[in-house]
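Below is run18.txt, holding compact mmCIF, C-alpha atoms.
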```txt
# COMPACT_ATOMS: atom_id res chain seq x y z
CA MET A 1 -74.97 49.97 -118.97
CA SER A 2 -72.83 46.89 -119.07
CA ASP A 3 -69.71 46.12 -117.12
CA THR A 4 -67.95 43.25 -118.79
CA ASP A 5 -64.93 41.59 -117.30
CA PRO A 6 -61.95 42.56 -119.51
CA ASP A 7 -59.96 39.60 -118.27
CA PRO A 8 -61.76 36.33 -118.96
CA GLY A 9 -59.80 34.63 -116.20
CA PRO A 10 -57.45 31.70 -116.08
CA LEU A 11 -59.73 29.39 -118.05
CA PRO A 12 -60.75 30.88 -121.39
CA GLU A 13 -64.36 29.99 -120.85
CA PHE A 14 -64.87 31.57 -117.38
CA ARG A 15 -66.43 35.01 -117.48
CA VAL A 16 -68.56 37.26 -115.32
CA ASP A 17 -70.61 40.02 -116.92
CA ILE A 18 -72.54 42.59 -114.90
CA ASP A 19 -75.47 44.65 -116.10
CA ARG A 20 -77.42 47.16 -114.06
CA GLN A 21 -81.15 47.54 -114.57
CA GLY A 22 -82.47 50.14 -112.17
CA ASN A 23 -81.97 48.80 -108.70
CA ASP A 24 -81.48 45.27 -109.99
CA ILE A 25 -78.15 43.79 -110.86
CA LEU A 26 -77.88 41.06 -113.47
CA VAL A 27 -74.75 38.97 -113.08
CA ALA A 28 -74.14 36.52 -115.90
CA VAL A 29 -71.69 33.72 -115.22
CA ARG A 30 -70.14 31.73 -118.02
CA GLY A 31 -67.98 28.64 -117.69
CA ASP A 32 -66.89 26.52 -114.74
CA VAL A 33 -67.21 27.83 -111.21
CA ASP A 34 -64.75 25.83 -109.17
CA VAL A 35 -62.06 26.21 -106.54
CA TYR A 36 -60.00 28.32 -108.94
CA THR A 37 -62.63 30.58 -110.44
CA ALA A 38 -64.97 30.90 -107.44
CA PRO A 39 -62.80 33.61 -105.83
CA GLN A 40 -63.19 35.73 -108.93
CA LEU A 41 -66.95 35.30 -108.86
CA ARG A 42 -66.98 36.16 -105.18
CA GLU A 43 -64.95 39.31 -105.79
CA ARG A 44 -67.33 40.49 -108.51
CA LEU A 45 -70.47 39.67 -106.52
CA TYR A 46 -69.27 41.28 -103.30
CA ALA A 47 -68.32 44.43 -105.22
CA VAL A 48 -71.90 44.59 -106.41
CA LEU A 49 -73.15 44.26 -102.84
CA THR A 50 -71.11 47.20 -101.65
CA ASP A 51 -72.88 49.29 -104.23
CA GLY A 52 -76.10 48.59 -102.33
CA ALA A 53 -77.82 46.30 -104.82
CA ALA A 54 -81.33 45.36 -103.74
CA ARG A 55 -81.83 42.37 -105.98
CA VAL A 56 -79.22 40.35 -107.77
CA VAL A 57 -80.20 38.02 -110.56
CA LEU A 58 -77.46 35.48 -111.10
CA ASP A 59 -77.79 34.18 -114.64
CA VAL A 60 -76.20 30.74 -114.60
CA SER A 61 -77.63 29.52 -117.85
CA LYS A 62 -74.13 29.40 -119.35
CA MET A 63 -72.44 28.11 -116.23
CA THR A 64 -71.01 24.71 -117.12
CA PHE A 65 -70.01 23.47 -113.67
CA ILE A 66 -70.35 24.39 -110.02
CA ASP A 67 -68.94 22.73 -106.93
CA SER A 68 -69.08 23.39 -103.20
CA THR A 69 -66.75 26.39 -103.47
CA GLY A 70 -69.10 27.99 -105.96
CA LEU A 71 -72.10 27.15 -103.83
CA GLY A 72 -70.33 28.74 -100.90
CA VAL A 73 -69.97 31.95 -102.86
CA ILE A 74 -73.67 31.89 -103.72
CA VAL A 75 -74.66 31.25 -100.11
CA GLY A 76 -72.38 34.00 -98.89
CA THR A 77 -73.82 36.42 -101.38
CA LEU A 78 -77.36 35.45 -100.47
CA LYS A 79 -76.73 36.01 -96.79
CA ARG A 80 -75.20 39.42 -97.32
CA LEU A 81 -77.98 40.50 -99.63
CA ARG A 82 -80.71 39.44 -97.26
CA GLU A 83 -78.95 41.21 -94.40
CA GLN A 84 -79.27 44.42 -96.36
CA GLY A 85 -82.86 43.76 -97.36
CA GLY A 86 -82.16 42.43 -100.82
CA ASP A 87 -82.34 39.02 -102.42
CA LEU A 88 -80.62 36.72 -104.85
CA ILE A 89 -82.35 34.94 -107.69
CA LEU A 90 -80.75 32.13 -109.61
CA ALA A 91 -81.78 32.04 -113.25
CA GLY A 92 -81.43 29.22 -115.73
CA PRO A 93 -79.45 26.55 -113.86
CA SER A 94 -78.58 23.47 -115.86
CA ARG A 95 -79.88 20.08 -114.85
CA SER A 96 -76.54 19.32 -113.22
CA ALA A 97 -76.45 22.58 -111.30
CA LEU A 98 -80.03 22.09 -110.19
CA ASN A 99 -79.13 18.61 -109.01
CA VAL A 100 -76.32 19.96 -106.83
CA LEU A 101 -78.60 22.67 -105.47
CA GLU A 102 -81.17 20.05 -104.55
CA ILE A 103 -78.61 17.69 -103.01
CA THR A 104 -77.40 20.45 -100.70
CA GLY A 105 -80.87 21.77 -99.92
CA LEU A 106 -80.02 25.17 -101.35
CA SER A 107 -82.88 24.90 -103.82
CA ARG A 108 -85.20 25.38 -100.85
CA ILE A 109 -83.66 28.66 -99.73
CA ILE A 110 -82.73 30.30 -103.02
CA GLU A 111 -85.31 31.46 -105.51
CA ILE A 112 -84.69 29.69 -108.81
CA VAL A 113 -86.25 30.65 -112.12
CA GLU A 114 -85.91 29.15 -115.56
CA THR A 115 -84.94 32.24 -117.50
CA VAL A 116 -83.90 35.88 -117.27
CA GLU A 117 -86.16 38.16 -119.28
CA PRO A 118 -84.14 40.59 -121.36
CA ALA A 119 -84.42 44.34 -121.12
CA GLY A 120 -87.99 44.35 -119.96
CA GLY A 121 -86.86 43.53 -116.49
CA GLY A 122 -88.00 40.85 -114.14
CA THR A 123 -87.36 37.18 -114.46
CA GLY A 124 -89.24 34.36 -116.09
CA GLY A 125 -90.18 31.17 -114.37
CA PRO A 126 -93.01 28.72 -114.28
CA GLY A 127 -96.09 30.76 -113.56
CA GLU A 128 -94.06 33.78 -112.64
CA ASP A 129 -93.75 37.16 -114.31
CA ARG A 130 -91.96 39.68 -112.12
CA MET B 1 -59.78 -0.18 -120.00
CA THR B 2 -58.39 -2.60 -117.44
CA GLY B 3 -56.53 -2.07 -114.20
CA ALA B 4 -55.14 1.35 -113.36
CA ASP B 5 -55.20 2.49 -116.94
CA VAL B 6 -54.95 6.23 -116.75
CA HIS B 7 -52.72 8.33 -114.57
CA LEU B 8 -52.81 12.06 -114.24
CA VAL B 9 -50.15 14.09 -112.50
CA VAL B 10 -50.70 17.82 -112.03
CA PRO B 11 -49.43 20.53 -109.71
CA ALA B 12 -51.40 20.64 -106.48
CA ALA B 13 -52.91 24.00 -107.34
CA PRO B 14 -56.53 25.03 -107.96
CA GLU B 15 -56.08 25.92 -111.60
CA TYR B 16 -55.37 22.29 -112.48
CA VAL B 17 -58.36 20.65 -110.84
CA HIS B 18 -60.39 21.05 -113.99
CA LEU B 19 -58.05 18.55 -115.66
CA ALA B 20 -59.11 15.93 -113.15
CA ARG B 21 -62.75 16.58 -114.09
CA LEU B 22 -61.97 16.55 -117.77
CA THR B 23 -60.18 13.21 -117.52
CA ALA B 24 -62.96 11.61 -115.52
CA ALA B 25 -65.59 12.82 -117.97
CA GLY B 26 -63.64 11.70 -121.00
CA LEU B 27 -63.06 8.22 -119.67
CA ALA B 28 -66.58 7.79 -118.37
CA SER B 29 -67.96 8.79 -121.71
CA ARG B 30 -65.86 6.12 -123.42
CA LEU B 31 -67.17 3.57 -120.93
CA GLY B 32 -70.77 4.37 -121.73
CA PHE B 33 -71.70 6.16 -118.53
CA SER B 34 -74.83 8.27 -118.87
CA TYR B 35 -74.77 12.06 -118.90
CA ASP B 36 -75.91 12.18 -115.28
CA ASP B 37 -73.30 9.62 -114.25
CA ILE B 38 -70.60 11.66 -115.92
CA GLU B 39 -71.73 14.84 -114.21
CA ASP B 40 -71.65 13.02 -110.89
CA LEU B 41 -68.14 11.77 -111.57
CA ARG B 42 -66.97 15.25 -112.48
CA ILE B 43 -68.12 16.82 -109.28
CA ALA B 44 -67.01 13.88 -107.17
CA VAL B 45 -63.42 13.96 -108.34
CA ASP B 46 -63.47 17.74 -108.11
CA GLU B 47 -64.64 17.76 -104.50
CA LEU B 48 -62.12 15.11 -103.51
CA CYS B 49 -59.29 16.95 -105.24
CA HIS B 50 -60.00 19.92 -102.98
CA LEU B 51 -58.63 17.82 -100.15
CA LEU B 52 -55.39 17.15 -102.02
CA LEU B 53 -54.56 20.75 -102.86
CA GLY B 54 -51.43 22.07 -101.28
CA PRO B 55 -50.64 25.44 -99.70
CA SER B 56 -50.51 28.34 -102.13
CA ASP B 57 -46.78 28.73 -101.65
CA GLY B 58 -46.07 25.06 -102.07
CA ASP B 59 -45.04 23.07 -105.09
CA GLY B 60 -46.67 19.73 -104.40
CA THR B 61 -48.17 17.35 -106.90
CA ILE B 62 -51.53 15.66 -107.20
CA ARG B 63 -51.48 12.16 -108.61
CA LEU B 64 -54.67 10.58 -109.82
CA ALA B 65 -55.34 7.10 -111.12
CA TYR B 66 -58.47 6.16 -113.04
CA SER B 67 -59.42 2.53 -113.50
CA VAL B 68 -62.39 0.27 -114.04
CA GLU B 69 -63.31 -2.50 -111.61
CA ASP B 70 -66.22 -4.58 -112.80
CA THR B 71 -68.44 -1.83 -114.23
CA ALA B 72 -67.43 0.81 -111.74
CA MET B 73 -65.03 3.64 -112.25
CA VAL B 74 -62.53 3.80 -109.46
CA ILE B 75 -60.49 6.94 -108.93
CA THR B 76 -57.71 7.26 -106.44
CA GLY B 77 -55.74 10.32 -105.67
CA GLU B 78 -53.02 11.65 -103.46
CA GLY B 79 -51.62 15.06 -102.80
CA PRO B 80 -50.04 17.25 -100.17
CA GLY B 81 -53.27 18.62 -98.76
CA GLY B 82 -53.30 21.56 -96.42
CA ALA B 83 -54.72 24.21 -98.73
CA PRO B 84 -57.23 26.57 -97.19
CA VAL B 85 -59.94 26.00 -99.79
CA SER B 86 -61.28 29.33 -98.88
CA ALA B 87 -63.26 30.45 -101.90
CA GLY B 88 -66.61 31.08 -100.37
CA ALA B 89 -65.61 29.07 -97.37
CA LEU B 90 -68.04 29.45 -94.55
CA GLY B 91 -66.29 27.27 -92.06
CA GLY B 92 -68.28 24.18 -91.22
CA GLU B 93 -71.01 25.04 -93.68
CA PHE B 94 -68.55 24.82 -96.58
CA ALA B 95 -67.31 21.37 -95.59
CA GLU B 96 -70.87 20.22 -95.07
CA LEU B 97 -71.79 21.16 -98.63
CA SER B 98 -68.93 19.08 -99.96
CA GLU B 99 -69.84 16.09 -97.83
CA GLN B 100 -73.48 16.27 -98.88
CA ILE B 101 -72.47 16.30 -102.52
CA LEU B 102 -70.08 13.38 -102.20
CA ALA B 103 -72.59 11.28 -100.28
CA ALA B 104 -75.07 11.70 -103.11
CA VAL B 105 -72.88 11.25 -106.17
CA VAL B 106 -70.57 8.36 -105.36
CA ASP B 107 -71.22 4.82 -104.20
CA ASN B 108 -68.48 5.08 -101.63
CA TYR B 109 -65.35 7.02 -100.89
CA ALA B 110 -62.66 7.15 -98.30
CA VAL B 111 -60.11 9.77 -97.35
CA THR B 112 -56.96 9.00 -95.42
CA SER B 113 -53.79 10.83 -94.54
CA GLY B 114 -50.30 9.79 -93.65
CA ASP B 115 -46.69 10.14 -94.72
CA GLY B 116 -47.35 13.80 -95.42
CA LEU B 117 -49.99 13.02 -98.03
CA VAL B 118 -53.75 13.04 -98.22
CA ARG B 119 -55.29 10.22 -100.21
CA PHE B 120 -58.74 9.34 -101.44
CA ARG B 121 -60.42 6.46 -103.18
CA MET B 122 -63.84 6.69 -104.73
CA VAL B 123 -66.08 4.23 -106.54
CA ARG B 124 -68.94 5.05 -108.87
CA ARG B 125 -71.02 2.53 -110.77
CA PRO B 126 -73.27 3.48 -113.64
CA ARG B 127 -76.75 4.30 -112.49
CA GLY B 128 -78.12 4.80 -115.95
```
Using structure tokens, write down the structure that the file contains.
Amino acid sequence: MSDTDPDPGPLPEFRVDIDRQGNDILVAVRGDVDVYTAPQLRERLYAVLTDGAARVVLDVSKMTFIDSTGLGVIVGTLKRLREQGGDLILAGPSRSALNVLEITGLSRIIEIVETVEPAGGGTGGPGEDR
Amino acid sequence: MTGADVHLVVPAAPEYVHLARLTAAGLASRLGFSYDDIEDLRIAVDELCHLLLGPSDGDGTIRLAYSVEDTAMVITGEGPGGAPVSAGALGGEFAELSEQILAAVVDNYAVTSGDGLVRFRMVRRPRG
């Protein structure tokens, strides 16, 4: 089951697609996450949380930019998930995104994997097969 | 590119900040900055533009100037400021993220306010 955003947002390239796989939620972000688009991402993520998601995999492999507002959304989502016993996994960040995550220390508190495995569930990372 | 060669004027609203990034990236690319340098410039000007954004019901303007001094790209900006950059804002934690990013990606920057405007100046030299 896929829930795609019918409105791509103010910038043609920004998009959030949500897919449910059992108790896991896969959220794929495309485009720039900045002060203008971060509220949209937050709205979509928080809606997922109210549905009681246990684990959210945020696929950022097609995310082309993220700033502190986007990081704030990720941190807020992570906190809420962990409060309800879930977790957030970041999949496929670009070198630039990874750099920002490392600068801010968020790479130490958020699980980051290289890829999202399709259909079969779980995520792919170095030495990991969940 | 010599002196204050490129000026960008946009409404002081979030949906226009990407133009500041786009301009910085385009110019830096022409100047031979590396991919990593360009990415640093993009996020630096983006973070600093947050400070220039005006209230949602306002109609202020952000003015940016891009120039080259020696081998460094210098970007200055001014805007009304005062916007509650609230997307994902977590109070002090949000501001701390921005400051951490800026400290890492620019050589130096300064933010001042006065005459009803917020201003910044940032310098970034190629790091290769």
Go through chain A residue by residue and, counting all atoms listed in the file, keep those with an atom at most 8 Å from chain B; for each kept residue give the shortest atom pair and its distance in Å to one decimal, ordered by chain and increasing number, as CSV.
```
residue,atom,partner,partner_atom,distance
A:Pro10,CA,B:Glu15,CA,7.4
A:Val35,CA,B:Pro14,CA,5.8
A:Tyr36,CA,B:Pro14,CA,4.9
A:Ala38,CA,B:Ala87,CA,5.8
A:Pro39,CA,B:Ala87,CA,5.1
A:Arg42,CA,B:Gly88,CA,7.0
A:Ile66,CA,B:Ile43,CA,7.9
A:Asp67,CA,B:Ile43,CA,6.4
A:Ser68,CA,B:Ser98,CA,5.4
A:Thr69,CA,B:Ala87,CA,5.6
A:Gly70,CA,B:Gly88,CA,6.9
A:Leu71,CA,B:Gly88,CA,7.6
A:Gly72,CA,B:Gly88,CA,4.4
A:Val73,CA,B:Gly88,CA,4.3
A:Ile74,CA,B:Gly88,CA,7.9
A:Gly76,CA,B:Gly88,CA,6.6
A:Ser96,CA,B:Glu39,CA,6.6
A:Val100,CA,B:Ile101,CA,6.8
A:Ile103,CA,B:Ile101,CA,6.3
A:Thr104,CA,B:Gln100,CA,6.0
```
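Using all atoms listed in the file, the smallest distance between any of B:Ala83, B:Val118, B:Leu52, B:Arg30 and B:Val68 comes from B:Arg30.
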Starting from 5 Å padding per side, set up an axis-aligned box that covers all listed atoms of stretch 57-63 of chain B and hand over centre and edge lengths in Å, one decimal, as JSON.
```
{"center_x": -48.3, "center_y": 20.4, "center_z": -105.1, "size_x": 16.5, "size_y": 26.6, "size_z": 17.0}
```
Can you pull out the residues contacting stretch 71-82 of chain B? Cut-off 6 Å, using all atoms listed in the file, and skip same-chain residues under 3 positions away; I want them as a tab-separated table (two decimals) with C-alpha atoms, in the frame of the given file.
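Heads up, here's the output in part_39.tsv:
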```tsv
chain	number	residue	atom	x	y	z
B	51	LEU	CA	-58.63	17.82	-100.15
B	52	LEU	CA	-55.39	17.15	-102.02
B	53	LEU	CA	-54.56	20.75	-102.86
B	54	GLY	CA	-51.43	22.07	-101.28
B	55	PRO	CA	-50.64	25.44	-99.70
B	60	GLY	CA	-46.67	19.73	-104.40
B	61	THR	CA	-48.17	17.35	-106.90
B	62	ILE	CA	-51.53	15.66	-107.20
B	63	ARG	CA	-51.48	12.16	-108.61
B	64	LEU	CA	-54.67	10.58	-109.82
B	65	ALA	CA	-55.34	7.10	-111.12
B	66	TYR	CA	-58.47	6.16	-113.04
B	67	SER	CA	-59.42	2.53	-113.50
B	68	VAL	CA	-62.39	0.27	-114.04
B	117	LEU	CA	-49.99	13.02	-98.03
B	118	VAL	CA	-53.75	13.04	-98.22
B	119	ARG	CA	-55.29	10.22	-100.21
B	120	PHE	CA	-58.74	9.34	-101.44
B	121	ARG	CA	-60.42	6.46	-103.18
B	122	MET	CA	-63.84	6.69	-104.73
B	123	VAL	CA	-66.08	4.23	-106.54
B	124	ARG	CA	-68.94	5.05	-108.87
B	125	ARG	CA	-71.02	2.53	-110.77
```
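Atom CA of B:Asp5 lies 14.5 Å from atom CA of B:Ala20.
From atom CA of B:Leu41 back to atom CA of B:Leu19, the distance works out to 12.8 Å.
You can rank A:Arg20, A:Arg80, A:Arg44, A:Arg15 by their closest distance to A:Lys62 using all atoms listed in the file, and at the top of that list sits A:Arg15.
Taking all atoms listed in the file, the non-local environment of stretch 48-56 of chain A within 7 Å (same-chain residues fewer than 5 positions away omitted) comprises A:Asn23, A:Asp24, A:Ile25, A:Leu26, A:Leu81, A:Gly85, A:Gly86, A:Asp87, A:Leu88, A:Ile89.
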Using only C-alpha atoms, find the one residue out of A:Met63, A:Leu41, A:Leu98, A:Val75 that sits nearest to A:Ile112.
A:Leu98
Counting all atoms listed in the file, the residue among A:Leu78, A:Val116, A:Val60, A:Ala28 that lies closest to A:Tyr46 is A:Leu78
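Each of B:Ile38, B:Ala25, B:Thr112, B:Asp59 was checked against B:Val10 using only C-alpha atoms; the smallest atom-to-atom distance is that of B:Asp59.
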In Å to one decimal, how far is atom CA of A:Leu90 from atom CA of A:Glu114?
8.4 Å
